[in-house]
Amino acid sequence: MLAVATIGITTVVAFGGTALTDTQNSADLQRTEHAMTLLDSRGAMAALGEADSQSVRLSGTGDGRYEVDDDTGWIRVEHVNYTDANPPPVEILNRSLGSVRYTAGDTVVAYEGGGVWRTQDNGTVMVSPPEFHYRDQTLTMPLVRVSGSDSASGRITADVSPVSTGSDDVTRIYPNESTDYPNGNTYDNPVANGTVIVTVHSEHYQGWATYFTERTEGNLTVDHGAQTASIELRTLAGAPGPFDMPLVGDSLDVPSVAQQHNVSQFELSLKPEDKNNNQFQQLHWSLYEQGANGQQFELHFASNGRCKNDDFNSDIDVSLYYRHNSSAPNEEWQTTVDPEGGSDLLSVDCSDSVPTLDVDLTSTAPMTYEEIDVKGGDNKWHFGNQIDSEDAPDDLVFDQHAADPDDDYDKGDTEEVDFLVDHYFSRMGPDFDLTVEAGPGNSNNRIDETVSSGVLWYDTVEGEEFIQFLHITENEVRVELNG
């Protein structure tokens, strides 16, 4: 009986001791997290110029240890494709983060990047959020960097003070009129092109990844091997507005198109080459899109006319072709317009020595759902072979958008040009290109793109995955540990 009692008492003491130790460790971590959160708050006050030196009492056990290291982790901000020429990425910011770390066994609690993180059991929990704010397409990043190299254990005090950069404690990174992109443009808002990528390398990268996921809707990439988390935010580039006509083979970017029939103005002003006495005779000129998923679009103009006695002596054919993907059917629309007949779709001004073909693609003029008559041979169109080889179905349904009529179109039915442009732009959006084609090849081009132009306005996409404004500052604090 005595032996059994002894074994029982020993077991109770052993388990009780383990439970007591676990409870003490948990309480110690909670006190450490609270102290680190207070350090985060006081550090932000010092870093952002709201206060001078601050002191925080840090708690810990004999088994835990605090360290200040200004070389742990880094953060990088890149601007990719800041022009249409697809240049190499520009590093707007690349700095070490630094940290104040408390290590007890396999658990680390760290003040890093203006946030507090707890990493244990191969996972990270965010205790306090970092100084990284994304709202209303604006990224605000008052980067708080830690400098210093102290270490200590037990109950200690952390003294936090701003590091002066000379005239100010804050270094402005973006916007910054004194810093240029390689093309000579300054770091200025709004950010008008490409994507902005923020990458963090840290032992707490999984916590950063969770924060990015919760606070943004950008494209998140996590590299466990490199211990990095990256968030990509596309720029909310607007409609082109007035534009110079791209040359044959070049493209007009059409970015951030909203999905609900929103084109307010789309006009073309096309002039023939001066040397082309035939003017618009044998004209075959297109704007086309070839999407990565097999999507095809072509807006084609064909004419065999010229100005004679201040009048244009021929009709002009306007055709619209669309195919959603490689397995979808053709969608084909066409109309023939007499430029002298008062149509609001197109007209030819013959009053100058070089005439002008004016096109309004927000016109209410009708187009007919029918097989496109590929005049002049399919090599004069970008998708002529596809149009010629496959018939459009007998009926067509528009039901992809709230603005669509959700009704069938039979062969011979008509729809207004502006509605068709709205519909197909919405289907191709939010981002696509319109490439100029004059077939076959540039040798038969009747249009002088160098003196031609256009105007395109539409509503842009609204969404948190887009970015228009960057506000980045570098704010450094020095942390010293005192017993």
# chains A, B, ... in the order shown; residues from 1 in each chain; ligands from 1
call {"tool": "residues_around", "arguments": {"residues": "range 356-361 of chain A", "least_positions_apart": "2", "cutoff": "9 Å", "atoms": "only C-alpha atoms", "output": "list in words"}}
result
Gln265, Phe266, Glu267, Leu268, Ser269, Leu270, Lys271, Pro272, Phe280, Pro339, Asp344, Leu345, Leu346, Ser347, Val348, Asp349, Cys350, Ser351, Asp352, Val354, Ser363, Thr364, Val417, Asp418, Val421 and Ser452 of chain A
call {"tool": "select_by_dssp", "arguments": {"residues": "range 213-457 of chain A", "states": "helix (DSSP H, G or I)", "output": "VMD selection string"}}
result
chain A and resid 213 to 215 378 to 380 384 to 389 417 to 428 442 to 444 449 to 451
call {"tool": "residues_around", "arguments": {"residues": "Tyr321 in chain A", "least_positions_apart": "6", "cutoff": "6 Å", "atoms": "only C-alpha atoms", "output": "count of residues only"}}
result
4
call {"tool": "residues_around", "arguments": {"residues": "Asn445 in chain A", "least_positions_apart": "2", "cutoff": "12 Å", "atoms": "only C-alpha atoms", "output": "ChimeraX atom specification"}}
result
/A:247-249,270-273,275-276,278-286,302,380,436-443,447-449
call {"tool": "atom_distance", "arguments": {"atom1": "CA of Ala402 in chain A", "atom2": "CA of Leu287 in chain A"}}
result
26.4 Å
call {"tool": "select_by_dssp", "arguments": {"residues": "range 134-368 of chain A", "states": "strand (DSSP E)", "output": "ChimeraX atom specification"}}
result
/A:134-135,138-147,151-152,156-162,170-174,176-180,186-187,195-201,219-223,228-235,241-244,251-254,263-270,280-290,296-305,307-308,311-312,316-323,331-337,346-349,356-360,366-368
call {"tool": "residues_around", "arguments": {"residues": "Thr221 in chain A", "least_positions_apart": "3", "cutoff": "9 Å", "atoms": "only C-alpha atoms", "output": "number ranges by chain"}}
result
A: 199, 209, 228-232
call {"tool": "atom_distance", "arguments": {"atom1": "CA of Val108 in chain A", "atom2": "CA of Ala44 in chain A"}}
result
21.0 Å
call {"tool": "closest_residue", "arguments": {"among": "A:Asp136, A:Glu465, A:Asp431, A:Glu371", "to": "Asp413 in chain A", "atoms": "only C-alpha atoms"}}
result
A:Glu371
call {"tool": "residues_around", "arguments": {"residues": "Arg234 in chain A", "least_positions_apart": "5", "cutoff": "12 Å", "atoms": "only C-alpha atoms", "output": "PDB file with N, CA and C atoms, in the first residue's frame"}}
result
ATOM      1  N   GLU A  78       9.240  46.825 -55.443  1.00  0.00           N
ATOM      2  CA  GLU A  78       9.625  46.926 -56.846  1.00  0.00           C
ATOM      3  C   GLU A  78       8.461  47.456 -57.673  1.00  0.00           C
ATOM      4  N   HIS A  79       8.796  48.237 -58.682  1.00  0.00           N
ATOM      5  CA  HIS A  79       7.814  48.677 -59.671  1.00  0.00           C
ATOM      6  C   HIS A  79       8.159  47.981 -60.983  1.00  0.00           C
ATOM      7  N   VAL A  80       7.268  47.117 -61.425  1.00  0.00           N
ATOM      8  CA  VAL A  80       7.494  46.303 -62.614  1.00  0.00           C
ATOM      9  C   VAL A  80       6.692  46.884 -63.776  1.00  0.00           C
ATOM     10  N   ASN A  81       7.329  46.968 -64.964  1.00  0.00           N
ATOM     11  CA  ASN A  81       6.671  47.492 -66.172  1.00  0.00           C
ATOM     12  C   ASN A  81       6.098  48.891 -65.948  1.00  0.00           C
ATOM     13  N   TYR A  82       6.949  49.780 -65.438  1.00  0.00           N
ATOM     14  CA  TYR A  82       6.501  51.140 -65.176  1.00  0.00           C
ATOM     15  C   TYR A  82       6.269  51.932 -66.469  1.00  0.00           C
ATOM     16  N   GLN A 137      -7.012  51.785 -52.659  1.00  0.00           N
ATOM     17  CA  GLN A 137      -5.992  51.760 -53.719  1.00  0.00           C
ATOM     18  C   GLN A 137      -4.770  52.611 -53.365  1.00  0.00           C
ATOM     19  N   THR A 138      -4.512  52.735 -52.053  1.00  0.00           N
ATOM     20  CA  THR A 138      -3.360  53.482 -51.563  1.00  0.00           C
ATOM     21  C   THR A 138      -2.552  52.607 -50.616  1.00  0.00           C
ATOM     22  N   LEU A 139      -1.268  52.459 -50.900  1.00  0.00           N
ATOM     23  CA  LEU A 139      -0.361  51.732 -50.023  1.00  0.00           C
ATOM     24  C   LEU A 139       0.437  52.741 -49.210  1.00  0.00           C
ATOM     25  N   VAL A 191       0.489  56.262 -59.491  1.00  0.00           N
ATOM     26  CA  VAL A 191       1.287  55.246 -60.160  1.00  0.00           C
ATOM     27  C   VAL A 191       0.477  54.772 -61.362  1.00  0.00           C
ATOM     28  N   ALA A 192       1.004  54.975 -62.560  1.00  0.00           N
ATOM     29  CA  ALA A 192       0.156  54.905 -63.749  1.00  0.00           C
ATOM     30  C   ALA A 192       0.335  53.655 -64.592  1.00  0.00           C
ATOM     31  N   ASN A 193       1.268  52.789 -64.251  1.00  0.00           N
ATOM     32  CA  ASN A 193       1.486  51.653 -65.150  1.00  0.00           C
ATOM     33  C   ASN A 193       2.137  50.504 -64.399  1.00  0.00           C
ATOM     34  N   GLY A 194       1.905  49.284 -64.863  1.00  0.00           N
ATOM     35  CA  GLY A 194       2.606  48.117 -64.348  1.00  0.00           C
ATOM     36  C   GLY A 194       2.054  47.593 -63.042  1.00  0.00           C
ATOM     37  N   THR A 195       2.936  46.974 -62.245  1.00  0.00           N
ATOM     38  CA  THR A 195       2.564  46.412 -60.953  1.00  0.00           C
ATOM     39  C   THR A 195       3.598  46.814 -59.908  1.00  0.00           C
ATOM     40  N   VAL A 196       3.136  46.865 -58.664  1.00  0.00           N
ATOM     41  CA  VAL A 196       4.011  47.128 -57.531  1.00  0.00           C
ATOM     42  C   VAL A 196       4.049  45.861 -56.678  1.00  0.00           C
ATOM     43  N   ILE A 197       5.260  45.368 -56.404  1.00  0.00           N
ATOM     44  CA  ILE A 197       5.435  44.120 -55.666  1.00  0.00           C
ATOM     45  C   ILE A 197       6.181  44.414 -54.371  1.00  0.00           C
ATOM     46  N   VAL A 198       5.584  44.016 -53.245  1.00  0.00           N
ATOM     47  CA  VAL A 198       6.214  44.147 -51.933  1.00  0.00           C
ATOM     48  C   VAL A 198       6.611  42.747 -51.476  1.00  0.00           C
ATOM     49  N   THR A 216      -5.167  42.688 -48.068  1.00  0.00           N
ATOM     50  CA  THR A 216      -5.167  43.068 -49.483  1.00  0.00           C
ATOM     51  C   THR A 216      -5.857  41.985 -50.295  1.00  0.00           C
ATOM     52  N   GLU A 217      -6.100  42.287 -51.568  1.00  0.00           N
ATOM     53  CA  GLU A 217      -6.636  41.299 -52.505  1.00  0.00           C
ATOM     54  C   GLU A 217      -5.706  41.147 -53.696  1.00  0.00           C
ATOM     55  N   GLY A 218      -4.425  41.391 -53.473  1.00  0.00           N
ATOM     56  CA  GLY A 218      -3.450  41.229 -54.537  1.00  0.00           C
ATOM     57  C   GLY A 218      -3.058  39.779 -54.718  1.00  0.00           C
ATOM     58  N   ASN A 219      -2.081  39.563 -55.584  1.00  0.00           N
ATOM     59  CA  ASN A 219      -1.589  38.216 -55.856  1.00  0.00           C
ATOM     60  C   ASN A 219      -0.469  37.882 -54.876  1.00  0.00           C
ATOM     61  N   PRO A 255      -6.275  49.183 -70.502  1.00  0.00           N
ATOM     62  CA  PRO A 255      -6.190  48.565 -69.174  1.00  0.00           C
ATOM     63  C   PRO A 255      -7.399  48.856 -68.298  1.00  0.00           C
ATOM     64  N   SER A 256      -7.646  47.951 -67.339  1.00  0.00           N
ATOM     65  CA  SER A 256      -8.579  48.191 -66.233  1.00  0.00           C
ATOM     66  C   SER A 256      -9.992  48.517 -66.680  1.00  0.00           C
ATOM     67  N   PRO A 430     -10.366  42.746 -67.861  1.00  0.00           N
ATOM     68  CA  PRO A 430     -10.087  44.166 -67.652  1.00  0.00           C
ATOM     69  C   PRO A 430      -8.893  44.714 -68.437  1.00  0.00           C
ATOM     70  N   ASP A 431      -7.998  43.846 -68.923  1.00  0.00           N
ATOM     71  CA  ASP A 431      -6.801  44.341 -69.615  1.00  0.00           C
ATOM     72  C   ASP A 431      -6.649  43.647 -70.962  1.00  0.00           C
ATOM     73  N   VAL A 461     -11.975  49.602 -63.614  1.00  0.00           N
ATOM     74  CA  VAL A 461     -12.314  48.617 -62.593  1.00  0.00           C
ATOM     75  C   VAL A 461     -12.103  49.205 -61.210  1.00  0.00           C
ATOM     76  N   GLU A 462     -12.976  48.854 -60.282  1.00  0.00           N
ATOM     77  CA  GLU A 462     -12.762  49.180 -58.884  1.00  0.00           C
ATOM     78  C   GLU A 462     -12.416  47.892 -58.156  1.00  0.00           C
ATOM     79  N   GLY A 463     -11.348  47.921 -57.377  1.00  0.00           N
ATOM     80  CA  GLY A 463     -10.974  46.712 -56.664  1.00  0.00           C
ATOM     81  C   GLY A 463      -9.728  46.927 -55.834  1.00  0.00           C
ATOM     82  N   GLU A 464      -9.613  46.204 -54.697  1.00  0.00           N
ATOM     83  CA  GLU A 464      -8.502  46.406 -53.786  1.00  0.00           C
ATOM     84  C   GLU A 464      -7.209  45.796 -54.307  1.00  0.00           C
ATOM     85  N   GLU A 465      -7.282  45.034 -55.404  1.00  0.00           N
ATOM     86  CA  GLU A 465      -6.051  44.479 -55.953  1.00  0.00           C
ATOM     87  C   GLU A 465      -5.290  45.507 -56.774  1.00  0.00           C
ATOM     88  N   PHE A 466      -5.885  46.688 -56.956  1.00  0.00           N
ATOM     89  CA  PHE A 466      -5.246  47.734 -57.742  1.00  0.00           C
ATOM     90  C   PHE A 466      -4.638  48.792 -56.824  1.00  0.00           C
ATOM     91  N   ILE A 467      -3.637  49.496 -57.362  1.00  0.00           N
ATOM     92  CA  ILE A 467      -2.965  50.519 -56.584  1.00  0.00           C
ATOM     93  C   ILE A 467      -2.779  51.761 -57.448  1.00  0.00           C
ATOM     94  N   GLN A 468      -3.007  52.910 -56.852  1.00  0.00           N
ATOM     95  CA  GLN A 468      -2.795  54.177 -57.544  1.00  0.00           C
ATOM     96  C   GLN A 468      -1.800  55.085 -56.815  1.00  0.00           C
ATOM     97  N   PHE A 469      -1.723  54.935 -55.492  1.00  0.00           N
ATOM     98  CA  PHE A 469      -0.900  55.856 -54.716  1.00  0.00           C
ATOM     99  C   PHE A 469       0.042  55.099 -53.789  1.00  0.00           C
TER     100      PHE A 469
END
call {"tool": "atom_distance", "arguments": {"atom1": "CA of Val455 in chain A", "atom2": "CA of Gly241 in chain A"}}
result
5.2 Å
